[in-house]
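**Q** Take a look at data.cif, mmCIF, C-alpha atoms:
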data_data
loop_
_atom_site.group_PDB
_atom_site.id
_atom_site.type_symbol
_atom_site.label_atom_id
_atom_site.label_comp_id
_atom_site.auth_asym_id
_atom_site.auth_seq_id
_atom_site.Cartn_x
_atom_site.Cartn_y
_atom_site.Cartn_z
ATOM 1 C CA MET A 1 102.656 86.300 -6.955
ATOM 2 C CA LYS A 2 105.542 86.456 -9.431
ATOM 3 C CA VAL A 3 107.158 83.386 -10.993
ATOM 4 C CA LEU A 4 110.464 83.300 -12.849
ATOM 5 C CA VAL A 5 110.591 80.737 -15.647
ATOM 6 C CA THR A 6 114.170 80.108 -16.743
ATOM 7 C CA GLY A 7 114.279 78.784 -20.285
ATOM 8 C CA GLY A 8 110.902 80.411 -20.831
ATOM 9 C CA GLY A 9 111.511 80.774 -24.556
ATOM 10 C CA GLY A 10 111.743 77.022 -25.006
ATOM 11 C CA PHE A 11 109.155 74.456 -26.038
ATOM 12 C CA ILE A 12 108.077 73.588 -22.476
ATOM 13 C CA GLY A 13 109.042 76.866 -20.799
ATOM 14 C CA SER A 14 106.968 79.073 -23.092
ATOM 15 C CA GLN A 15 103.892 76.915 -22.578
ATOM 16 C CA LEU A 16 104.468 76.919 -18.824
ATOM 17 C CA ALA A 17 104.662 80.725 -18.908
ATOM 18 C CA ARG A 18 101.355 80.787 -20.784
ATOM 19 C CA ARG A 19 99.785 78.392 -18.260
ATOM 20 C CA LEU A 20 100.970 80.457 -15.286
ATOM 21 C CA LEU A 21 99.636 83.664 -16.795
ATOM 22 C CA ARG A 22 96.307 81.966 -17.336
ATOM 23 C CA ASP A 23 96.329 80.880 -13.682
ATOM 24 C CA GLY A 24 96.760 84.491 -12.561
ATOM 25 C CA TYR A 25 100.484 84.651 -11.807
ATOM 26 C CA GLN A 26 102.838 87.426 -12.830
ATOM 27 C CA VAL A 27 105.526 85.874 -15.014
ATOM 28 C CA ARG A 28 109.105 86.807 -15.770
ATOM 29 C CA VAL A 29 111.107 84.828 -18.325
ATOM 30 C CA LEU A 30 114.883 84.404 -18.451
ATOM 31 C CA ASP A 31 116.307 83.026 -21.694
ATOM 32 C CA ASN A 32 119.363 83.546 -23.884
ATOM 33 C CA PHE A 33 117.522 82.077 -26.916
ATOM 34 C CA ALA A 34 120.332 79.675 -27.710
ATOM 35 C CA THR A 35 117.777 76.874 -28.087
ATOM 36 C CA GLY A 36 114.561 78.741 -27.199
ATOM 37 C CA ARG A 37 112.728 80.821 -29.799
ATOM 38 C CA ARG A 38 111.342 84.339 -29.521
ATOM 39 C CA GLU A 39 108.319 83.432 -31.604
ATOM 40 C CA ASN A 40 107.236 81.021 -28.847
ATOM 41 C CA LEU A 41 106.455 84.092 -26.715
ATOM 42 C CA LEU A 42 104.990 86.432 -29.342
ATOM 43 C CA ASP A 43 101.357 86.031 -28.311
ATOM 44 C CA ILE A 44 102.111 86.702 -24.621
ATOM 45 C CA SER A 45 105.017 89.141 -24.940
ATOM 46 C CA GLY A 46 102.898 92.005 -23.646
ATOM 47 C CA ASP A 47 101.822 90.074 -20.562
ATOM 48 C CA LEU A 48 105.202 89.074 -19.146
ATOM 49 C CA GLU A 49 108.632 90.456 -18.342
ATOM 50 C CA LEU A 50 111.499 89.211 -20.483
ATOM 51 C CA VAL A 51 115.089 89.171 -19.250
ATOM 52 C CA GLU A 52 117.625 88.106 -21.858
ATOM 53 C CA GLY A 53 120.667 86.410 -20.437
ATOM 54 C CA ASP A 54 122.573 83.209 -19.789
ATOM 55 C CA ILE A 55 122.207 81.186 -16.589
ATOM 56 C CA GLN A 56 125.990 80.760 -16.613
ATOM 57 C CA SER A 57 126.116 84.381 -15.382
ATOM 58 C CA TYR A 58 125.261 84.618 -11.684
ATOM 59 C CA GLU A 59 124.751 88.376 -12.012
ATOM 60 C CA ARG A 60 122.210 87.927 -14.800
ATOM 61 C CA VAL A 61 120.379 85.208 -12.916
ATOM 62 C CA HIS A 62 120.362 87.240 -9.707
ATOM 63 C CA ASN A 63 118.816 90.198 -11.523
ATOM 64 C CA ALA A 64 116.141 87.944 -12.994
ATOM 65 C CA VAL A 65 115.312 86.258 -9.673
ATOM 66 C CA ARG A 66 115.011 89.486 -7.692
ATOM 67 C CA GLY A 67 111.400 90.131 -6.687
ATOM 68 C CA CYS A 68 110.131 86.653 -7.624
ATOM 69 C CA HIS A 69 108.375 84.358 -5.172
ATOM 70 C CA LEU A 70 108.797 81.125 -7.117
ATOM 71 C CA VAL A 71 111.246 79.835 -9.733
ATOM 72 C CA ALA A 72 110.581 77.182 -12.377
ATOM 73 C CA HIS A 73 114.070 76.275 -13.578
ATOM 74 C CA LEU A 74 113.695 74.813 -17.068
ATOM 75 C CA ALA A 75 116.731 76.410 -18.722
ATOM 76 C CA ALA A 76 119.136 73.756 -19.956
ATOM 77 C CA LEU A 77 121.199 72.615 -22.892
ATOM 78 C CA PRO A 78 119.159 69.560 -23.894
ATOM 79 C CA SER A 79 119.976 66.390 -25.811
ATOM 80 C CA VAL A 80 121.963 63.304 -24.922
ATOM 81 C CA PRO A 81 123.806 63.250 -28.299
ATOM 82 C CA ARG A 82 124.805 66.907 -27.908
ATOM 83 C CA SER A 83 126.244 66.179 -24.462
ATOM 84 C CA VAL A 84 128.227 63.234 -25.852
ATOM 85 C CA GLN A 85 129.737 65.504 -28.501
ATOM 86 C CA ASP A 86 130.390 68.410 -26.112
ATOM 87 C CA PRO A 87 130.356 67.390 -22.420
ATOM 88 C CA LEU A 88 132.043 70.585 -21.252
ATOM 89 C CA THR A 89 129.347 72.934 -22.544
ATOM 90 C CA SER A 90 126.615 70.612 -21.311
ATOM 91 C CA ASN A 91 128.133 70.688 -17.837
ATOM 92 C CA ALA A 92 128.620 74.461 -17.841
ATOM 93 C CA THR A 93 124.976 75.141 -18.627
ATOM 94 C CA ASN A 94 123.264 72.294 -16.829
ATOM 95 C CA VAL A 95 125.377 72.152 -13.664
ATOM 96 C CA THR A 96 126.994 75.566 -13.190
ATOM 97 C CA GLY A 97 123.870 77.275 -14.522
ATOM 98 C CA THR A 98 121.671 75.362 -12.084
ATOM 99 C CA LEU A 99 123.990 76.235 -9.211
ATOM 100 C CA ASN A 100 123.691 79.911 -10.174
ATOM 101 C CA VAL A 101 119.887 79.667 -10.131
ATOM 102 C CA LEU A 102 119.905 78.055 -6.693
ATOM 103 C CA LEU A 103 122.373 80.575 -5.292
ATOM 104 C CA ALA A 104 120.362 83.488 -6.649
ATOM 105 C CA ALA A 105 117.125 81.994 -5.287
ATOM 106 C CA ARG A 106 118.703 81.518 -1.867
ATOM 107 C CA ASP A 107 120.063 85.060 -1.839
ATOM 108 C CA ALA A 108 116.690 86.498 -2.926
ATOM 109 C CA GLU A 109 114.817 84.370 -0.347
ATOM 110 C CA VAL A 110 112.628 82.732 -2.984
ATOM 111 C CA GLY A 111 109.832 80.530 -1.658
ATOM 112 C CA ARG A 112 110.497 77.501 -3.881
ATOM 113 C CA VAL A 113 112.544 76.370 -6.864
ATOM 114 C CA VAL A 114 111.198 73.621 -9.109
ATOM 115 C CA TYR A 115 114.002 72.019 -11.100
ATOM 116 C CA ALA A 116 113.334 70.260 -14.405
ATOM 117 C CA SER A 117 115.324 67.048 -14.254
ATOM 118 C CA SER A 118 115.211 64.098 -16.633
ATOM 119 C CA SER A 119 114.352 60.417 -16.822
ATOM 120 C CA SER A 120 117.838 59.963 -18.279
ATOM 121 C CA VAL A 121 119.244 59.925 -14.727
ATOM 122 C CA TYR A 122 118.000 56.329 -14.330
ATOM 123 C CA GLY A 123 120.374 55.345 -17.120
ATOM 124 C CA ALA A 124 121.621 51.768 -17.008
ATOM 125 C CA ASN A 125 119.354 50.660 -14.152
ATOM 126 C CA PRO A 126 117.286 47.962 -15.921
ATOM 127 C CA GLU A 127 114.385 47.853 -13.466
ATOM 128 C CA LEU A 128 110.963 48.924 -14.770
ATOM 129 C CA PRO A 129 108.996 50.994 -14.066
ATOM 130 C CA LYS A 130 111.382 53.695 -12.896
ATOM 131 C CA ARG A 131 110.792 54.770 -9.289
ATOM 132 C CA GLU A 132 112.257 57.844 -7.668
ATOM 133 C CA ASP A 133 113.951 55.773 -4.935
ATOM 134 C CA MET A 134 115.831 53.596 -7.436
ATOM 135 C CA THR A 135 119.594 53.878 -7.833
ATOM 136 C CA ALA A 136 120.428 56.363 -10.580
ATOM 137 C CA LEU A 137 123.003 55.054 -13.060
ATOM 138 C CA PRO A 138 123.411 57.823 -15.663
ATOM 139 C CA ILE A 139 125.277 56.834 -18.821
ATOM 140 C CA SER A 140 125.504 60.139 -20.705
ATOM 141 C CA PRO A 141 127.062 63.483 -19.759
ATOM 142 C CA TYR A 142 123.611 65.069 -20.012
ATOM 143 C CA ALA A 143 122.186 62.590 -17.502
ATOM 144 C CA VAL A 144 125.147 63.097 -15.159
ATOM 145 C CA ALA A 145 124.588 66.859 -15.285
ATOM 146 C CA LYS A 146 120.872 66.510 -14.568
ATOM 147 C CA LEU A 147 121.577 64.253 -11.598
ATOM 148 C CA ALA A 148 124.151 66.729 -10.314
ATOM 149 C CA GLY A 149 121.476 69.433 -10.484
ATOM 150 C CA GLU A 150 119.201 67.255 -8.365
ATOM 151 C CA GLY A 151 122.028 66.832 -5.873
ATOM 152 C CA TYR A 152 122.490 70.579 -5.614
ATOM 153 C CA CYS A 153 118.740 71.017 -5.092
ATOM 154 C CA ARG A 154 118.827 68.546 -2.223
ATOM 155 C CA ALA A 155 121.885 70.218 -0.720
ATOM 156 C CA PHE A 156 120.328 73.682 -0.839
ATOM 157 C CA TYR A 157 117.196 72.299 0.813
ATOM 158 C CA GLU A 158 119.146 70.593 3.599
ATOM 159 C CA VAL A 159 121.852 73.206 4.202
ATOM 160 C CA PHE A 160 120.204 76.529 3.354
ATOM 161 C CA GLY A 161 116.516 75.744 3.868
ATOM 162 C CA LEU A 162 115.643 76.656 0.275
ATOM 163 C CA GLU A 163 112.541 74.741 -0.762
ATOM 164 C CA THR A 164 113.401 72.735 -3.868
ATOM 165 C CA VAL A 165 111.424 70.160 -5.831
ATOM 166 C CA ALA A 166 112.906 68.149 -8.704
ATOM 167 C CA VAL A 167 110.569 66.891 -11.425
ATOM 168 C CA ARG A 168 111.888 64.202 -13.751
ATOM 169 C CA PHE A 169 110.421 64.666 -17.223
ATOM 170 C CA PHE A 170 110.006 61.669 -19.536
ATOM 171 C CA ASN A 171 110.261 62.371 -23.295
ATOM 172 C CA VAL A 172 107.974 65.370 -23.514
ATOM 173 C CA PHE A 173 106.244 66.117 -26.819
ATOM 174 C CA GLY A 174 103.580 68.422 -28.217
ATOM 175 C CA PRO A 175 102.845 71.476 -30.361
ATOM 176 C CA HIS A 176 105.590 74.054 -30.985
ATOM 177 C CA GLN A 177 108.407 71.508 -30.620
ATOM 178 C CA ASP A 178 111.268 72.130 -33.051
ATOM 179 C CA PRO A 179 111.625 69.315 -35.617
ATOM 180 C CA LEU A 180 114.544 70.797 -37.532
ATOM 181 C CA SER A 181 117.497 70.787 -35.138
ATOM 182 C CA GLN A 182 120.007 67.963 -35.480
ATOM 183 C CA TYR A 183 119.182 67.314 -31.807
ATOM 184 C CA ALA A 184 115.414 67.427 -32.303
ATOM 185 C CA ALA A 185 113.226 65.132 -30.234
ATOM 186 C CA VAL A 186 111.993 62.024 -31.970
ATOM 187 C CA ILE A 187 108.238 62.746 -32.214
ATOM 188 C CA PRO A 188 108.338 66.105 -34.057
ATOM 189 C CA LYS A 189 111.094 64.746 -36.274
ATOM 190 C CA PHE A 190 109.074 61.611 -37.104
ATOM 191 C CA ILE A 191 105.878 63.609 -37.736
ATOM 192 C CA THR A 192 107.435 66.055 -40.176
ATOM 193 C CA THR A 193 109.366 63.280 -41.918
ATOM 194 C CA LEU A 194 106.242 61.154 -42.405
ATOM 195 C CA MET A 195 104.221 64.186 -43.551
ATOM 196 C CA ALA A 196 106.869 64.690 -46.240
ATOM 197 C CA GLY A 197 106.504 61.061 -47.321
ATOM 198 C CA SER A 198 110.024 60.149 -46.206
ATOM 199 C CA SER A 199 111.236 57.335 -43.964
ATOM 200 C CA PRO A 200 112.025 58.255 -40.350
ATOM 201 C CA VAL A 201 115.414 57.139 -39.071
ATOM 202 C CA ILE A 202 115.512 54.879 -36.024
ATOM 203 C CA PHE A 203 118.841 54.422 -34.291
ATOM 204 C CA GLY A 204 118.977 50.791 -33.145
ATOM 205 C CA ASP A 205 116.353 48.098 -33.706
ATOM 206 C CA GLY A 206 113.378 50.262 -32.746
ATOM 207 C CA GLU A 207 112.417 48.101 -29.803
ATOM 208 C CA GLN A 208 113.751 50.666 -27.330
ATOM 209 C CA SER A 209 110.813 52.170 -25.478
ATOM 210 C CA ARG A 210 110.017 55.531 -23.945
ATOM 211 C CA ASP A 211 107.340 57.013 -21.708
ATOM 212 C CA PHE A 212 106.256 59.682 -24.195
ATOM 213 C CA THR A 213 104.457 62.410 -22.249
ATOM 214 C CA TYR A 214 102.228 65.068 -23.763
ATOM 215 C CA VAL A 215 103.291 68.560 -22.745
ATOM 216 C CA GLU A 216 99.996 69.450 -21.016
ATOM 217 C CA ASN A 217 100.648 66.650 -18.515
ATOM 218 C CA VAL A 218 104.066 68.122 -17.804
ATOM 219 C CA LEU A 219 102.636 71.611 -17.303
ATOM 220 C CA GLU A 220 100.161 70.193 -14.800
ATOM 221 C CA GLY A 221 102.866 68.328 -12.873
ATOM 222 C CA THR A 222 105.197 71.315 -12.824
ATOM 223 C CA THR A 223 102.473 73.690 -11.642
ATOM 224 C CA LEU A 224 101.554 71.296 -8.837
ATOM 225 C CA ALA A 225 105.228 71.026 -7.846
ATOM 226 C CA LEU A 226 105.405 74.824 -7.643
ATOM 227 C CA THR A 227 102.359 75.191 -5.441
ATOM 228 C CA LYS A 228 101.730 72.021 -3.396
ATOM 229 C CA PRO A 229 102.664 72.597 0.263
ATOM 230 C CA GLY A 230 104.867 70.183 2.185
ATOM 231 C CA VAL A 231 106.843 68.630 -0.675
ATOM 232 C CA GLY A 232 110.137 70.528 -0.342
ATOM 233 C CA GLY A 233 113.204 68.362 -0.935
ATOM 234 C CA SER A 234 111.245 65.825 -2.995
ATOM 235 C CA VAL A 235 111.759 64.261 -6.426
ATOM 236 C CA PHE A 236 108.831 63.297 -8.668
ATOM 237 C CA ASN A 237 108.446 61.454 -11.954
ATOM 238 C CA ILE A 238 106.180 63.410 -14.294
ATOM 239 C CA ALA A 239 105.029 61.072 -17.062
ATOM 240 C CA THR A 240 102.172 58.799 -18.114
ATOM 241 C CA GLY A 241 103.375 55.503 -16.657
ATOM 242 C CA HIS A 242 103.202 53.733 -20.031
ATOM 243 C CA GLY A 243 106.001 52.747 -22.392
ATOM 244 C CA LEU A 244 105.905 52.752 -26.197
ATOM 245 C CA SER A 245 108.585 51.389 -28.533
ATOM 246 C CA LEU A 246 109.849 53.464 -31.444
ATOM 247 C CA ASN A 247 108.515 50.855 -33.857
ATOM 248 C CA GLN A 248 105.070 51.188 -32.264
ATOM 249 C CA LEU A 249 105.392 54.965 -32.405
ATOM 250 C CA VAL A 250 105.996 54.929 -36.158
ATOM 251 C CA ARG A 251 102.987 52.651 -36.676
ATOM 252 C CA GLN A 252 100.734 54.923 -34.605
ATOM 253 C CA LEU A 253 101.927 58.064 -36.371
ATOM 254 C CA ASN A 254 101.372 56.466 -39.772
ATOM 255 C CA GLU A 255 97.808 55.728 -38.693
ATOM 256 C CA VAL A 256 97.136 59.248 -37.385
ATOM 257 C CA ILE A 257 98.712 61.004 -40.383
ATOM 258 C CA GLY A 258 97.260 58.601 -42.948
ATOM 259 C CA THR A 259 100.602 57.470 -44.348
ATOM 260 C CA ASP A 260 102.198 54.060 -44.769
ATOM 261 C CA VAL A 261 105.946 54.655 -44.591
ATOM 262 C CA GLU A 262 108.473 52.202 -43.194
ATOM 263 C CA PRO A 263 111.360 53.480 -41.038
ATOM 264 C CA VAL A 264 115.010 52.958 -41.845
ATOM 265 C CA TYR A 265 117.428 51.732 -39.225
ATOM 266 C CA GLU A 266 120.914 52.943 -38.340
ATOM 267 C CA ASP A 267 123.398 52.014 -35.629
ATOM 268 C CA ALA A 268 122.375 52.756 -32.056
ATOM 269 C CA ARG A 269 123.833 55.944 -30.569
ATOM 270 C CA PRO A 270 126.046 55.977 -27.465
ATOM 271 C CA GLY A 271 124.524 57.191 -24.218
ATOM 272 C CA GLU A 272 120.956 56.170 -25.065
ATOM 273 C CA VAL A 273 119.043 53.957 -22.632
ATOM 274 C CA GLN A 274 117.065 50.972 -23.886
ATOM 275 C CA HIS A 275 113.824 51.304 -21.946
ATOM 276 C CA SER A 276 112.194 54.093 -19.957
ATOM 277 C CA GLN A 277 108.824 53.908 -18.224
ATOM 278 C CA ALA A 278 107.816 55.855 -15.141
ATOM 279 C CA ASP A 279 106.101 54.891 -11.936
ATOM 280 C CA VAL A 280 104.029 58.013 -11.212
ATOM 281 C CA SER A 281 102.419 56.789 -7.987
ATOM 282 C CA ARG A 282 104.450 59.180 -5.808
ATOM 283 C CA ALA A 283 103.363 62.187 -7.871
ATOM 284 C CA ARG A 284 99.770 60.956 -7.717
ATOM 285 C CA GLN A 285 99.821 60.531 -3.952
ATOM 286 C CA GLU A 286 101.809 63.609 -2.916
ATOM 287 C CA LEU A 287 101.053 66.137 -5.657
ATOM 288 C CA GLY A 288 97.624 64.986 -6.778
ATOM 289 C CA PHE A 289 99.070 64.604 -10.277
ATOM 290 C CA GLU A 290 97.090 62.764 -12.928
ATOM 291 C CA PRO A 291 98.373 62.397 -16.522
ATOM 292 C CA ALA A 292 94.999 63.209 -18.042
ATOM 293 C CA ILE A 293 96.014 63.211 -21.716
ATOM 294 C CA SER A 294 96.933 59.823 -23.170
ATOM 295 C CA ILE A 295 99.672 59.335 -25.729
ATOM 296 C CA ASP A 296 97.005 58.560 -28.374
ATOM 297 C CA GLU A 297 95.255 61.865 -27.767
ATOM 298 C CA GLY A 298 98.575 63.707 -27.450
ATOM 299 C CA LEU A 299 99.808 62.349 -30.779
ATOM 300 C CA ARG A 300 96.531 63.309 -32.463
ATOM 301 C CA ARG A 301 96.754 66.884 -31.133
ATOM 302 C CA THR A 302 100.414 67.191 -32.050
ATOM 303 C CA VAL A 303 99.958 65.899 -35.603
ATOM 304 C CA GLU A 304 97.013 68.247 -36.052
ATOM 305 C CA TRP A 305 99.146 71.204 -34.935
ATOM 306 C CA PHE A 306 101.987 70.319 -37.321
ATOM 307 C CA GLN A 307 99.523 69.865 -40.194
ATOM 308 C CA GLN A 308 97.982 73.286 -39.522
ATOM 309 C CA ALA A 309 101.429 74.853 -39.217
ATOM 310 C CA SER A 310 102.407 73.301 -42.557
ATOM 311 C CA VAL A 311 99.309 74.707 -44.268
ATOM 312 C CA ALA A 312 99.952 78.147 -42.751
ATOM 313 C CA ALA A 313 103.599 78.104 -43.873
ATOM 314 C CA ALA A 314 102.610 77.109 -47.409
ATOM 315 C CA ALA A 315 99.995 79.883 -47.563
ATOM 316 C CA SER A 316 102.494 82.547 -46.492
ATOM 317 C CA ALA A 317 105.257 81.347 -48.833
#
Using structure tokens, write down the structure that the file contains.
**A**
Amino acid sequence: MKVLVTGGGGFIGSQLARRLLRDGYQVRVLDNFATGRRENLLDISGDLELVEGDIQSYERVHNAVRGCHLVAHLAALPSVPRSVQDPLTSNATNVTGTLNVLLAARDAEVGRVVYASSSSVYGANPELPKREDMTALPISPYAVAKLAGEGYCRAFYEVFGLETVAVRFFNVFGPHQDPLSQYAAVIPKFITTLMAGSSPVIFGDGEQSRDFTYVENVLEGTTLALTKPGVGGSVFNIATGHGLSLNQLVRQLNEVIGTDVEPVYEDARPGEVQHSQADVSRARQELGFEPAISIDEGLRRTVEWFQQASVAAAASA
């Protein structure tokens, strides 16, 4: 069985491709490498098909989808701050690109499309934990685009009979995540900053909390969403079910790394939600999902990877 992973050169997509290969699937990757990296696929490049192209091109997507039984749609232009600065490009990739993937999957009679959505769709809804049946109140262009993608998935399921499943990721972290981009996720940025003996920057008072989810948990949830029968048209939170504040995160990372560095604080950024914590009971009941790796263990593994990568980079310099 062949699976197309859009965004397969990215942090999550490349590890999903590796997981699917290990599980015995044939894998094809579609990526334009705007945010993904070729080196993420180096060790498996001989085991998969690579199609270079942008999901904003229906023709390119259609060519990539042809002959695939399943599609894991992870391609996106990530980052809330990036979407605030450039809503038009965020919309073009995350909405029009998703529509192209769904159209191509429908036309190729694909068995199922799993769409990587985001916890950001809950937005200004203050209720915790976040449940899939809650009202979505997105407050950033990125979140609006992700919710629109979910809407298109539902429409294609209802109108065209295309099996779609949306999985809402919550602040995914782990090895291979890029710490250098101005839009980098907080955990790799904090780890590399602390390893350098510098103070990590927290936007706001640091009491905002997130359901930080180790990447292996996300790979498990996504694989289940691809393969579990009878869940077409559904939406699932994929997370740990536990919240951690940024201040707590810095303290835990200091402990794991062996540093004692205080953060510095700057003004909060627009479009950011204050608290995010998932209710994963639906994914447990319907997918059989279990977030097996705790944030403590995930942070330990991630720090260890960055430390090894730092040693390797120094040795090759």
**Q** Nearest to Val114 in chain A: which of A:Val303, A:Leu41, A:Val231, A:Ala309 is it, counting only C-alpha atoms?
**A**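 Going through A:Val303, A:Leu41, A:Val231, A:Ala309 one by one, the smallest distance to Val114 in chain A is for A:Val231.
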**Q** Give me the residues near Val51 in chain A as a PyMOL selection string, where near means some atom within 8 Å (using all atoms listed in the file) and where sequence neighbours in that chain fewer than 6 positions away do not count.
**A** chain A and resi 28-31+64
**Q** Output as a Markdown table one row per residue of range 21-121 of chain A within 10 Å of range 126-140 of chain A: the closest atom pair and its distance in Å to one decimal place, counting only C-alpha atoms, sorted by chain and residue number ascending.
**A**
| residue | atom | partner | partner_atom | distance |
| --- | --- | --- | --- | --- |
| A:Ser79 | CA | A:Ser140 | CA | 9.8 |
| A:Val80 | CA | A:Ser140 | CA | 6.4 |
| A:Pro81 | CA | A:Ser140 | CA | 8.4 |
| A:Arg82 | CA | A:Ser140 | CA | 9.9 |
| A:Ser83 | CA | A:Ser140 | CA | 7.2 |
| A:Val84 | CA | A:Ser140 | CA | 6.6 |
| A:Pro87 | CA | A:Ser140 | CA | 8.9 |
| A:Ser119 | CA | A:Lys130 | CA | 8.3 |
| A:Ser120 | CA | A:Pro138 | CA | 6.5 |
| A:Val121 | CA | A:Pro138 | CA | 4.8 |
**Q** Could you expand the PyMOL selection byres ((chain A and resi 93) around 10) into the explicit residues it covers here, written as a count of residues only?
**A** 21
**Q** For the file shown, what are the residues hit by the PyMOL selection byres ((chain A and resi 283-290) around 7), laid out as a PyMOL selection string?
**A** chain A and resi 221+224-225+228+236-237+280-282+291-292
**Q** Which protein, DNA or RNA residues have an atom at most 9 Å from (104.0, 60.2, -21.6), counting all atoms listed in the file? List them as a VMD selection string.
**A** chain A and resid 169 to 173 210 to 215 217 to 218 238 to 244 277 to 278 291 293 to 295 298
**Q** Taking into account only C-alpha atoms, which residue in the set A:Ser199, A:Thr227, A:Ser117, A:Gln15 is nearest to Gln177 in chain A?
**A**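 With only C-alpha atoms as the atom set, the closest residue is A:Gln15.
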